[in-house]
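Q: Sharing work_10.csv, CSV, C-alpha atoms:
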chain,number,residue,atom,x,y,z
A,1,MET,CA,0.0,0.0,0.0
A,2,GLY,CA,1.4,3.3,-1.0
A,3,VAL,CA,-0.9,5.5,1.0
A,4,ASP,CA,-0.5,5.5,4.8
A,5,ARG,CA,-2.9,6.9,7.3
A,6,ARG,CA,-1.3,10.4,7.4
A,7,GLU,CA,-1.3,10.6,3.6
A,8,PHE,CA,-4.9,9.5,3.4
A,9,LEU,CA,-6.1,12.1,5.8
A,10,LYS,CA,-4.2,14.9,3.9
A,11,ILE,CA,-5.8,13.8,0.6
A,12,ALA,CA,-9.3,13.6,2.1
A,13,GLY,CA,-8.9,17.0,3.8
A,14,MET,CA,-7.8,18.7,0.6
A,15,ALA,CA,-10.6,17.0,-1.4
A,16,ALA,CA,-13.2,18.1,1.1
A,17,LEU,CA,-11.9,21.7,1.0
A,18,PHE,CA,-11.8,21.7,-2.8
A,19,GLY,CA,-15.3,20.2,-2.9
A,20,LEU,CA,-16.9,22.8,-0.6
A,21,GLY,CA,-15.1,25.7,-2.4
A,22,GLY,CA,-15.9,24.3,-5.8
A,23,LYS,CA,-19.6,24.1,-5.1
A,24,ALA,CA,-19.8,27.7,-3.8
A,25,ALA,CA,-17.9,28.9,-6.8
A,26,VAL,CA,-20.3,27.1,-9.1
A,27,ASP,CA,-23.3,28.6,-7.2
A,28,ILE,CA,-21.9,32.1,-7.5
A,29,PHE,CA,-20.8,32.1,-11.1
A,30,ALA,CA,-23.6,30.0,-12.5
A,31,PRO,CA,-25.9,32.6,-14.2
A,32,GLY,CA,-29.3,30.9,-13.9
A,33,GLU,CA,-30.8,31.0,-10.5
A,34,LEU,CA,-29.3,34.0,-8.8
A,35,GLN,CA,-30.1,36.2,-11.7
A,36,ALA,CA,-33.7,34.9,-12.0
A,37,SER,CA,-34.4,35.8,-8.3
A,38,MET,CA,-33.5,39.4,-9.1
A,39,GLU,CA,-36.1,39.7,-11.8
A,40,GLY,CA,-39.0,39.3,-9.4
A,41,ILE,CA,-42.4,38.0,-10.2
A,42,PRO,CA,-43.2,37.5,-13.9
A,43,LEU,CA,-45.5,40.1,-15.3
A,44,THR,CA,-49.2,39.4,-15.3
A,45,LYS,CA,-50.8,38.3,-18.5
A,46,GLY,CA,-54.2,39.6,-19.3
A,47,LYS,CA,-56.4,41.3,-16.7
A,48,ARG,CA,-55.3,43.4,-13.8
A,49,TRP,CA,-57.7,44.5,-11.2
A,50,ALA,CA,-57.2,47.9,-9.7
A,51,MET,CA,-58.9,50.5,-7.5
A,52,VAL,CA,-59.1,54.3,-7.8
A,53,ILE,CA,-59.9,56.1,-4.5
A,54,ASP,CA,-61.2,59.6,-4.6
A,55,ILE,CA,-59.9,61.1,-1.3
A,56,ARG,CA,-62.0,64.3,-1.8
A,57,LYS,CA,-65.2,62.5,-2.2
A,58,CYS,CA,-64.4,60.3,0.8
A,59,LEU,CA,-63.4,63.3,3.0
A,60,ASP,CA,-66.6,65.2,2.0
A,61,GLN,CA,-68.6,62.2,3.2
A,62,GLN,CA,-66.5,62.0,6.4
A,63,ALA,CA,-67.3,65.6,7.1
A,64,LYS,CA,-71.1,64.9,6.9
A,65,GLY,CA,-71.2,62.5,9.8
A,66,LYS,CA,-70.3,63.2,13.4
A,67,ASP,CA,-67.8,60.3,13.6
A,68,GLY,CA,-66.9,60.4,10.0
A,69,CYS,CA,-67.9,57.5,7.6
A,70,LYS,CA,-66.8,54.0,8.2
A,71,GLU,CA,-69.3,52.2,5.9
A,72,CYS,CA,-66.8,50.5,3.7
A,73,ILE,CA,-64.8,49.3,6.6
A,74,MET,CA,-67.8,48.0,8.4
A,75,ALA,CA,-69.1,46.3,5.2
A,76,CYS,CA,-65.8,44.6,4.6
A,77,HIS,CA,-65.4,43.4,8.2
A,78,ARG,CA,-68.9,42.1,8.3
A,79,ALA,CA,-68.5,40.2,5.0
A,80,HIS,CA,-65.3,38.6,6.0
A,81,ASN,CA,-66.0,37.9,9.7
A,82,VAL,CA,-63.2,40.2,10.9
A,83,PRO,CA,-63.6,40.6,14.7
A,84,ASP,CA,-62.9,43.7,16.7
A,85,TRP,CA,-60.3,43.0,19.4
A,86,GLY,CA,-60.5,46.4,21.0
A,87,ASP,CA,-56.7,46.6,21.0
A,88,PRO,CA,-54.8,48.2,18.1
A,89,LYS,CA,-51.9,45.7,18.6
A,90,HIS,CA,-54.3,42.9,17.8
A,91,ALA,CA,-56.3,44.7,15.2
A,92,ILE,CA,-57.1,42.7,12.0
A,93,LYS,CA,-57.0,45.2,9.1
A,94,TRP,CA,-58.5,44.4,5.7
A,95,ILE,CA,-59.4,48.1,5.1
A,96,TRP,CA,-58.6,50.8,7.5
A,97,GLN,CA,-57.9,54.5,7.8
A,98,ASP,CA,-54.7,56.5,8.6
A,99,THR,CA,-53.8,60.1,8.3
A,100,PHE,CA,-52.7,61.5,4.9
A,101,GLU,CA,-49.1,62.1,6.3
A,102,HIS,CA,-48.8,58.5,7.4
A,103,SER,CA,-50.3,57.1,4.3
A,104,PHE,CA,-48.1,59.1,1.9
A,105,PRO,CA,-44.8,59.7,3.8
A,106,ASN,CA,-43.0,60.4,0.5
A,107,GLN,CA,-45.4,63.4,-0.1
A,108,HIS,CA,-43.8,65.2,2.8
A,109,ASN,CA,-44.9,68.8,2.9
A,110,PRO,CA,-45.0,70.8,6.1
A,111,PHE,CA,-47.3,73.4,4.5
A,112,ILE,CA,-49.8,70.9,3.1
A,113,GLU,CA,-53.3,72.3,2.6
A,114,GLU,CA,-55.7,72.2,5.5
A,115,GLY,CA,-58.1,70.0,3.7
A,116,LEU,CA,-55.6,67.1,3.8
A,117,ARG,CA,-53.7,67.8,7.0
A,118,HIS,CA,-54.2,64.9,9.4
A,119,ARG,CA,-57.3,63.8,7.5
A,120,PRO,CA,-58.1,60.1,7.3
A,121,VAL,CA,-57.3,58.2,4.1
A,122,ILE,CA,-58.8,54.8,3.2
A,123,LEU,CA,-56.1,52.1,3.0
A,124,LEU,CA,-56.2,48.5,1.9
A,125,CYS,CA,-53.9,46.0,0.3
A,126,ASN,CA,-52.4,47.6,-2.8
A,127,HIS,CA,-52.4,44.2,-4.7
A,128,CYS,CA,-49.0,45.2,-6.0
A,129,PHE,CA,-47.9,44.3,-9.5
A,130,ASN,CA,-44.6,43.2,-7.9
A,131,PRO,CA,-45.7,42.0,-4.5
A,132,PRO,CA,-42.8,41.7,-2.0
A,133,CYS,CA,-45.0,39.6,0.3
A,134,VAL,CA,-45.3,36.9,-2.3
A,135,ARG,CA,-41.5,36.8,-2.8
A,136,VAL,CA,-40.8,36.1,0.8
A,137,CYS,CA,-43.5,33.6,1.6
A,138,PRO,CA,-41.8,30.3,2.3
A,139,THR,CA,-44.9,28.1,1.7
A,140,GLN,CA,-46.4,30.1,-1.2
A,141,ALA,CA,-49.5,30.6,1.0
A,142,THR,CA,-49.7,34.1,-0.4
A,143,PHE,CA,-49.5,34.3,-4.2
A,144,LYS,CA,-50.4,36.5,-7.0
A,145,ARG,CA,-53.1,35.2,-9.3
A,146,GLU,CA,-51.6,35.4,-12.8
A,147,GLU,CA,-55.0,35.7,-14.5
A,148,ASP,CA,-56.1,38.9,-12.7
A,149,GLY,CA,-53.2,40.1,-10.5
A,150,ILE,CA,-55.0,39.8,-7.2
A,151,VAL,CA,-52.6,38.9,-4.3
A,152,CYS,CA,-54.4,36.1,-2.6
A,153,MET,CA,-54.0,34.2,0.7
A,154,ASP,CA,-54.3,30.5,1.0
A,155,MET,CA,-55.2,30.2,4.7
A,156,HIS,CA,-54.7,26.4,4.6
A,157,ARG,CA,-51.0,26.9,3.8
A,158,CYS,CA,-50.1,29.8,6.0
A,159,ILE,CA,-47.7,28.8,8.8
A,160,GLY,CA,-47.8,32.2,10.5
A,161,CYS,CA,-44.1,33.0,10.0
A,162,ARG,CA,-45.0,36.7,9.3
A,163,PHE,CA,-42.3,37.2,6.7
A,164,CYS,CA,-44.9,38.8,4.5
A,165,MET,CA,-45.8,41.3,7.2
A,166,ALA,CA,-42.2,42.3,7.4
A,167,ALA,CA,-41.9,42.5,3.7
A,168,CYS,CA,-45.1,44.5,3.0
A,169,PRO,CA,-44.2,48.2,3.0
A,170,TYR,CA,-47.9,49.2,3.5
A,171,GLY,CA,-48.8,47.4,6.7
A,172,SER,CA,-51.6,45.6,4.8
A,173,ARG,CA,-51.2,42.3,6.6
A,174,SER,CA,-52.4,41.3,10.0
A,175,PHE,CA,-51.6,38.4,12.2
A,176,ASN,CA,-54.2,36.5,14.2
A,177,TRP,CA,-52.7,36.6,17.7
A,178,GLY,CA,-55.8,34.9,19.0
A,179,ASP,CA,-58.6,32.7,17.8
A,180,PRO,CA,-61.1,35.1,16.2
A,181,ARG,CA,-63.9,33.1,17.8
A,182,LYS,CA,-62.5,34.2,21.2
A,183,ALA,CA,-62.6,37.9,20.3
A,184,PRO,CA,-64.4,39.9,23.1
A,185,LYS,CA,-68.1,39.2,22.8
A,186,GLU,CA,-69.2,42.7,23.9
A,187,LEU,CA,-67.4,44.2,20.9
A,188,ASN,CA,-68.7,41.6,18.5
A,189,PRO,CA,-72.2,40.8,19.6
A,190,ASP,CA,-73.3,39.2,16.3
A,191,TYR,CA,-70.1,37.5,15.4
A,192,PRO,CA,-69.7,35.6,13.0
A,193,THR,CA,-71.4,38.2,10.9
A,194,ASN,CA,-71.4,36.2,7.7
A,195,ARG,CA,-72.1,32.5,8.1
A,196,ALA,CA,-71.4,31.9,4.4
A,197,TYR,CA,-67.8,33.0,4.8
A,198,PRO,CA,-65.1,31.2,6.8
A,199,GLU,CA,-63.2,32.6,9.7
A,200,ARG,CA,-59.5,32.2,10.4
A,201,THR,CA,-57.5,30.5,13.1
A,202,LYS,CA,-55.0,31.7,15.6
A,203,GLY,CA,-51.6,32.0,13.9
A,204,VAL,CA,-52.4,32.9,10.3
A,205,VAL,CA,-51.9,36.2,8.5
A,206,GLU,CA,-54.8,37.7,6.6
A,207,LYS,CA,-55.5,40.7,4.4
A,208,CYS,CA,-57.7,42.2,1.8
A,209,ASP,CA,-58.3,39.9,-1.2
A,210,PHE,CA,-60.4,42.3,-3.4
A,211,CYS,CA,-63.4,40.1,-2.5
A,212,ILE,CA,-62.4,37.3,-4.9
A,213,GLU,CA,-65.6,35.4,-3.9
A,214,LEU,CA,-67.7,38.4,-5.1
A,215,ILE,CA,-65.7,39.1,-8.2
A,216,SER,CA,-66.1,35.5,-9.3
A,217,LYS,CA,-69.9,36.1,-9.3
A,218,GLY,CA,-69.5,39.3,-11.2
A,219,GLU,CA,-70.2,41.6,-8.2
A,220,LEU,CA,-68.1,44.5,-6.9
A,221,PRO,CA,-66.0,44.2,-3.7
A,222,ALA,CA,-67.9,44.8,-0.5
A,223,CYS,CA,-66.3,48.1,0.2
A,224,VAL,CA,-67.1,49.5,-3.2
A,225,GLN,CA,-70.7,48.3,-2.9
A,226,ALA,CA,-71.0,50.0,0.5
A,227,CYS,CA,-69.7,53.3,-0.9
A,228,ASP,CA,-71.9,53.1,-3.9
A,229,LYS,CA,-74.9,52.5,-1.7
A,230,LEU,CA,-74.3,55.8,-0.1
A,231,LYS,CA,-74.1,57.3,-3.6
A,232,VAL,CA,-70.6,58.7,-2.8
A,233,HIS,CA,-68.8,56.6,-5.4
A,234,ALA,CA,-65.4,57.4,-3.9
A,235,LEU,CA,-64.1,53.9,-4.7
A,236,THR,CA,-63.9,52.8,-8.3
A,237,PHE,CA,-63.0,49.2,-9.1
A,238,GLY,CA,-62.0,48.0,-12.5
A,239,ASP,CA,-59.6,46.4,-15.0
A,240,LEU,CA,-56.4,48.3,-15.5
A,241,ALA,CA,-55.5,46.2,-18.5
A,242,ASP,CA,-58.5,47.4,-20.5
A,243,PRO,CA,-57.9,50.9,-21.9
A,244,GLU,CA,-61.6,51.6,-22.1
A,245,SER,CA,-62.3,50.6,-18.4
A,246,ASN,CA,-63.7,52.9,-15.7
A,247,VAL,CA,-60.4,53.0,-13.8
A,248,ARG,CA,-58.4,53.8,-16.9
A,249,LYS,CA,-60.8,56.6,-17.8
A,250,LEU,CA,-60.4,58.1,-14.3
A,251,LEU,CA,-56.7,57.8,-14.4
A,252,SER,CA,-56.4,59.5,-17.7
A,253,GLU,CA,-58.6,62.4,-16.6
A,254,ARG,CA,-57.4,63.0,-13.0
A,255,TYR,CA,-54.1,63.4,-11.3
A,256,THR,CA,-53.5,60.4,-9.0
A,257,ILE,CA,-50.8,59.3,-6.6
A,258,ARG,CA,-49.8,55.9,-5.2
A,259,ARG,CA,-48.3,54.9,-1.9
A,260,LYS,CA,-44.5,54.6,-1.9
A,261,PRO,CA,-44.1,54.2,-5.6
A,262,GLU,CA,-40.3,54.5,-5.3
A,263,LEU,CA,-40.1,51.0,-3.9
A,264,GLY,CA,-41.0,49.5,-7.2
A,265,THR,CA,-43.9,47.4,-6.0
A,266,GLU,CA,-46.2,49.0,-8.5
A,267,PRO,CA,-49.3,49.4,-6.4
A,268,ASN,CA,-52.7,48.8,-8.1
A,269,LEU,CA,-54.4,51.3,-5.8
A,270,PHE,CA,-54.5,54.9,-7.0
A,271,TYR,CA,-55.5,58.0,-5.0
A,272,ILE,CA,-57.1,61.1,-6.5
A,273,VAL,CA,-56.0,64.0,-4.2
P,1,MET,CA,-33.4,-21.9,35.9
P,2,TYR,CA,-33.7,-20.3,39.3
P,3,ASP,CA,-37.2,-19.5,40.5
P,4,GLY,CA,-38.6,-20.8,37.2
P,5,GLY,CA,-42.0,-21.2,38.6
P,6,LYS,CA,-42.2,-17.7,39.9
P,7,ILE,CA,-41.0,-16.2,36.6
P,8,ILE,CA,-43.5,-18.2,34.6
P,9,VAL,CA,-46.4,-17.2,36.9
P,10,GLY,CA,-45.2,-13.6,36.7
P,11,LEU,CA,-45.1,-13.7,33.0
P,12,ILE,CA,-48.6,-15.2,32.8
P,13,ILE,CA,-50.0,-12.5,35.1
P,14,GLY,CA,-48.1,-9.8,33.2
P,15,LEU,CA,-49.4,-11.0,29.8
P,16,GLY,CA,-52.9,-11.3,31.3
P,17,LEU,CA,-52.8,-7.7,32.5
P,18,LEU,CA,-51.5,-6.6,29.1
P,19,LEU,CA,-54.3,-8.3,27.3
P,20,SER,CA,-57.0,-7.4,29.8
P,21,PRO,CA,-58.4,-4.5,27.8
P,22,PHE,CA,-59.0,-7.0,24.9
P,23,PHE,CA,-60.8,-9.5,27.1
P,24,TYR,CA,-62.7,-6.7,28.8
P,25,ASN,CA,-64.0,-5.3,25.5
P,26,ALA,CA,-64.4,-8.6,23.7
P,27,GLY,CA,-67.7,-8.9,21.9
P,28,LYS,CA,-68.6,-5.3,22.6
P,29,ALA,CA,-67.5,-3.8,19.2
P,30,ALA,CA,-69.0,-0.4,18.8
P,31,LYS,CA,-71.4,-0.3,15.8
P,32,ALA,CA,-70.4,2.0,13.0
P,33,PRO,CA,-72.8,4.9,13.1
P,34,ASP,CA,-75.0,5.6,10.2
P,35,PRO,CA,-74.9,9.2,8.9
P,36,GLU,CA,-78.3,10.8,9.3
P,37,LEU,CA,-79.7,12.6,6.3
P,38,THR,CA,-81.7,15.8,6.6
P,39,ALA,CA,-85.0,16.1,4.9
P,40,LYS,CA,-83.4,18.4,2.3
P,41,ALA,CA,-80.6,15.9,1.6
P,42,LYS,CA,-83.2,13.0,1.2
P,43,GLU,CA,-85.2,15.1,-1.2
P,44,ALA,CA,-82.2,15.9,-3.4
P,45,LYS,CA,-81.5,12.2,-3.7
P,46,ALA,CA,-78.1,12.6,-5.4
P,47,CYS,CA,-75.0,14.2,-3.9
P,48,VAL,CA,-72.2,15.8,-6.0
P,49,ALA,CA,-70.7,12.3,-6.6
P,50,PRO,CA,-72.0,8.7,-6.2
P,51,LEU,CA,-72.8,7.6,-2.7
P,52,LYS,CA,-69.9,5.1,-2.4
P,53,TYR,CA,-67.4,7.6,-3.5
P,54,MET,CA,-68.7,10.2,-1.1
P,55,GLN,CA,-68.6,7.7,1.8
P,56,GLU,CA,-65.0,6.6,1.0
P,57,SER,CA,-63.4,9.7,-0.4
P,58,HIS,CA,-65.3,12.8,0.5
P,59,PHE,CA,-62.2,14.3,2.0
P,60,THR,CA,-60.3,13.7,-1.3
P,61,LEU,CA,-63.1,15.6,-3.1
P,62,LEU,CA,-63.0,18.4,-0.5
P,63,ASP,CA,-59.3,18.7,-0.7
P,64,GLU,CA,-59.5,18.9,-4.5
P,65,TRP,CA,-62.2,21.6,-4.2
P,66,ARG,CA,-60.2,23.6,-1.8
P,67,HIS,CA,-57.1,23.5,-4.0
P,68,THR,CA,-58.9,24.3,-7.3
P,69,VAL,CA,-60.9,27.1,-5.7
P,70,VAL,CA,-58.2,28.8,-3.7
P,71,ARG,CA,-55.2,28.3,-6.0
P,72,ASP,CA,-56.8,28.2,-9.5
P,73,GLY,CA,-60.0,30.2,-8.9
P,74,GLU,CA,-62.2,27.5,-10.4
P,75,ARG,CA,-65.4,27.8,-8.4
P,76,TYR,CA,-67.8,25.5,-10.2
P,77,TYR,CA,-67.9,21.7,-10.2
P,78,THR,CA,-69.7,19.6,-12.8
P,79,SER,CA,-70.9,16.2,-11.5
P,80,SER,CA,-70.9,13.1,-13.6
P,81,ASP,CA,-74.6,13.6,-14.2
P,82,GLY,CA,-73.9,17.0,-15.7
P,83,LYS,CA,-75.2,19.2,-12.8
P,84,ARG,CA,-73.2,22.3,-11.8
P,85,TYR,CA,-72.3,23.0,-8.2
P,86,TYR,CA,-70.7,25.9,-6.5
P,87,LYS,CA,-67.6,24.5,-4.8
P,88,SER,CA,-68.1,25.4,-1.2
P,89,LEU,CA,-68.0,23.4,2.0
P,90,GLN,CA,-69.9,26.0,3.9
P,91,THR,CA,-72.6,27.0,1.4
P,92,THR,CA,-73.0,23.9,-0.8
P,93,CYS,CA,-72.2,20.8,1.3
P,94,LEU,CA,-73.6,22.2,4.6
P,95,ASP,CA,-76.7,23.6,2.8
P,96,CYS,CA,-78.1,20.0,2.6
P,97,HIS,CA,-76.1,18.4,5.3
P,98,SER,CA,-76.9,20.9,8.0
P,99,ASN,CA,-76.9,18.4,10.8
P,100,TYR,CA,-73.2,18.5,11.7
P,101,SER,CA,-73.3,16.3,14.8
P,102,LYS,CA,-75.3,13.5,13.2
P,103,PHE,CA,-73.8,13.7,9.7
P,104,CYS,CA,-70.2,14.5,10.2
P,105,LEU,CA,-69.2,14.3,13.9
P,106,GLN,CA,-70.4,10.9,15.0
P,107,CYS,CA,-68.5,9.1,12.1
P,108,HIS,CA,-65.4,11.2,12.6
P,109,ASN,CA,-65.5,10.3,16.3
P,110,TYR,CA,-66.0,6.6,15.5
P,111,VAL,CA,-62.9,6.5,13.2
P,112,ASP,CA,-61.1,8.9,15.5
P,113,VAL,CA,-60.3,11.6,13.0
P,114,ASP,CA,-60.3,15.3,13.9
P,115,PRO,CA,-60.3,17.3,10.7
P,116,TYR,CA,-59.4,20.9,11.2
P,117,CYS,CA,-61.9,22.2,8.7
P,118,TRP,CA,-64.0,23.5,11.5
P,119,ASP,CA,-61.3,25.6,13.0
P,120,CYS,CA,-62.2,28.2,10.3
P,121,HIS,CA,-65.3,27.0,8.5
P,122,ILE,CA,-68.4,27.7,10.4
P,123,GLN,CA,-70.6,24.8,11.4
P,124,PRO,CA,-74.3,25.1,10.7
P,125,GLU,CA,-76.4,26.1,13.7
P,126,GLU,CA,-78.4,23.0,14.8
P,127,LYS,CA,-81.8,22.9,16.3
P,128,LYS,CA,-81.7,21.0,19.6
Can I see the file as structure tokens?
A:
Amino acid sequence: MGVDRREFLKIAGMAALFGLGGKAAVDIFAPGELQASMEGIPLTKGKRWAMVIDIRKCLDQQAKGKDGCKECIMACHRAHNVPDWGDPKHAIKWIWQDTFEHSFPNQHNPFIEEGLRHRPVILLCNHCFNPPCVRVCPTQATFKREEDGIVCMDMHRCIGCRFCMAACPYGSRSFNWGDPRKAPKELNPDYPTNRAYPERTKGVVEKCDFCIELISKGELPACVQACDKLKVHALTFGDLADPESNVRKLLSERYTIRRKPELGTEPNLFYIV
Amino acid sequence: MYDGGKIIVGLIIGLGLLLSPFFYNAGKAAKAPDPELTAKAKEAKACVAPLKYMQESHFTLLDEWRHTVVRDGERYYTSSDGKRYYKSLQTTCLDCHSNYSKFCLQCHNYVDVDPYCWDCHIQPEEKK
């Protein structure tokens, strides 16, 4: 035998070192995967649902009531069995309000007109064209529907890791810290409010899904229906891919802004200011 | 063998104790419960798939429904006799089978399964 124990160990050690280094080198210099992950989600083919929110119309309606107007929020939360926990840290948000300054931090202006200063803006999931939440989800529980661009949740798959909540720059995702069925009874006397819709469990993340169950039946999302019922029509829902659609018409006529467009997520929610 | 008699007697007693639940329950096999049909289910006569398939593989069908609805957005199911159904546990299945405890639960208890469907999907309200 030409190889003694010492010689064998030396060869094995060198081989292992070369093997490890070699694999890393191949991983780094191979063009395929790494490059692909930088390109993001493939572009949607076909339809692209979007919403245009007229902040002025909404604020006019807010000014009418003593406590403002929360019809769209109530309609949504009723339709989707979203309980009120009475604690902002546990709040489940599908559609909610925040001040103009918080909603559009990139529109910073210390001399902003009084009509917008600290005024509430309706916020919901932006259903981004390039959703960061989808990119980080380890189980593909959240995914973008290629046929219409809606960012959906598959509650059956969510493991509650909350990566998506960290990734979403808009705070559109909420975690169920407790079983919704155990939400305080005095705040939710008629819970569950919609017996045709499921609830969620403790430990999953949820968010607005543009009412996919209503869209599939050819109806408008619950928030839009609620606003239309008041004849305010501050929320307009339509197909961005169709140049003749209601949303495209509004966008071509009015000046609109989007939340944090500099991040490149391409929100599908537009605000008329 | 030292103390052979004691060991053998001990073994017999031990084995007897181990098998005692089998002797205790011998001949008392629990009868498989029959799912009870509501008046509405009886009237409909046919389910979304043949009876035998539903008895043996309803969970496969439900799993397929949940996958195709949530992931692919296909919300309608055409049965072998050409009828169209809205794929929904809560609004289609439970519309006929509104007696959860007599239709679902007693069988699930018998075979000792605990499906987590009901953690989120709301059970129908039953009249007592």
Q: Could you state the separation of CA of Cys125 in chain A and CA of Lys207 in chain A in Å, given to one decimal place?
A: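 Going from CA of Cys125 in chain A over to CA of Lys207 in chain A covers 6.9 Å.
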Q: So that I can check the surroundings of Cys104 in chain P, please list as a list in words every protein, DNA and RNA residue that reaches within 12 Å of it, counting only C-alpha atoms and ignoring chain neighbours fewer than 4 positions away.
A: Pro33, Asp34, Pro35, Glu36, Leu37, Gln55, His58, Phe59, Cys93, Leu94, His97, Ser98, Asn99, Tyr100, His108, Asn109, Tyr110, Val111, Asp112, Val113, Asp114, Pro115, Cys117, Trp118, Gln123 and Pro124 of chain P
Q: Near chain P, meaning an atom within 12 Å, which residues of chain A appear when counting all atoms listed in the file? Write them as an MDAnalysis selection string.
A: chainID A and resid 80:81 140:148 150:157 179:182 191:204 209 212:217
Q: Any idea what the distance is between CA of Asn130 in chain A and CA of Thr265 in chain A?
A: 4.7 Å
Q: To one decimal place in Å, what is the distance between CA of Thr99 in chain A and CA of Cys128 in chain A?
A: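 Atom-to-atom, CA of Thr99 in chain A to CA of Cys128 in chain A, that is 21.2 Å.
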Q: List as a short mmCIF file (atom, residue, chain, number, x, y, z; two decimals) with C-alpha atoms, keeping the file's coordinate frame the protein and nucleic acid residues near range 234-248 of chain A, meaning an atom at most 9 Å away when all atoms listed in the file are counted, but skip any in the same chain fewer than 2 places from it.
A:
data_model
loop_
_atom_site.label_atom_id
_atom_site.label_comp_id
_atom_site.auth_asym_id
_atom_site.auth_seq_id
_atom_site.Cartn_x
_atom_site.Cartn_y
_atom_site.Cartn_z
CA GLY A 46 -54.20 39.60 -19.30
CA LYS A 47 -56.40 41.30 -16.70
CA ARG A 48 -55.30 43.40 -13.80
CA TRP A 49 -57.70 44.50 -11.20
CA ALA A 50 -57.20 47.90 -9.70
CA MET A 51 -58.90 50.50 -7.50
CA VAL A 52 -59.10 54.30 -7.80
CA ILE A 53 -59.90 56.10 -4.50
CA ASP A 54 -61.20 59.60 -4.60
CA ILE A 55 -59.90 61.10 -1.30
CA ARG A 56 -62.00 64.30 -1.80
CA LYS A 57 -65.20 62.50 -2.20
CA CYS A 58 -64.40 60.30 0.80
CA ASP A 148 -56.10 38.90 -12.70
CA LEU A 220 -68.10 44.50 -6.90
CA PRO A 221 -66.00 44.20 -3.70
CA CYS A 223 -66.30 48.10 0.20
CA VAL A 224 -67.10 49.50 -3.20
CA GLN A 225 -70.70 48.30 -2.90
CA CYS A 227 -69.70 53.30 -0.90
CA ASP A 228 -71.90 53.10 -3.90
CA LYS A 231 -74.10 57.30 -3.60
CA VAL A 232 -70.60 58.70 -2.80
CA LEU A 250 -60.40 58.10 -14.30
CA LEU A 251 -56.70 57.80 -14.40
CA SER A 252 -56.40 59.50 -17.70
CA GLU A 253 -58.60 62.40 -16.60
CA ASN A 268 -52.70 48.80 -8.10
#
Q: Which one is closest to Pro132 in chain A: A:Gly178, A:Gly149, A:Pro169, A:Pro110? Count only C-alpha atoms.
A: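 When distances to Pro132 in chain A are compared using only C-alpha atoms, the smallest one comes from A:Pro169.
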Q: Using all atoms listed in the file, which residues sit within 7 Å of Ala75 in chain A once same-chain residues fewer than 3 positions away are excluded, as a list of chain:residue names?
A: A:Glu71, A:Cys72, A:Arg78, A:Ala79, A:Ala222, A:Cys223, A:Ala226
Q: For Cys107 in chain P, which residue out of P:Leu61, P:Ala32, P:Glu56, P:Tyr85 is the nearest one, using only C-alpha atoms?
A: P:Ala32
Q: Taking into account only C-alpha atoms, which residue in the set P:Ala26, P:Lys31, P:Gly10, P:Lys45 is nearest to Gln106 in chain P?
A: P:Lys31
Q: Find, counting all atoms listed in the file, the residue in A:Cys164, A:Asn126, A:Val121, A:Asn176 that gets nearest to Lys89 in chain A.
A: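 Distance minimum relative to Lys89 in chain A lands on A:Asn176.
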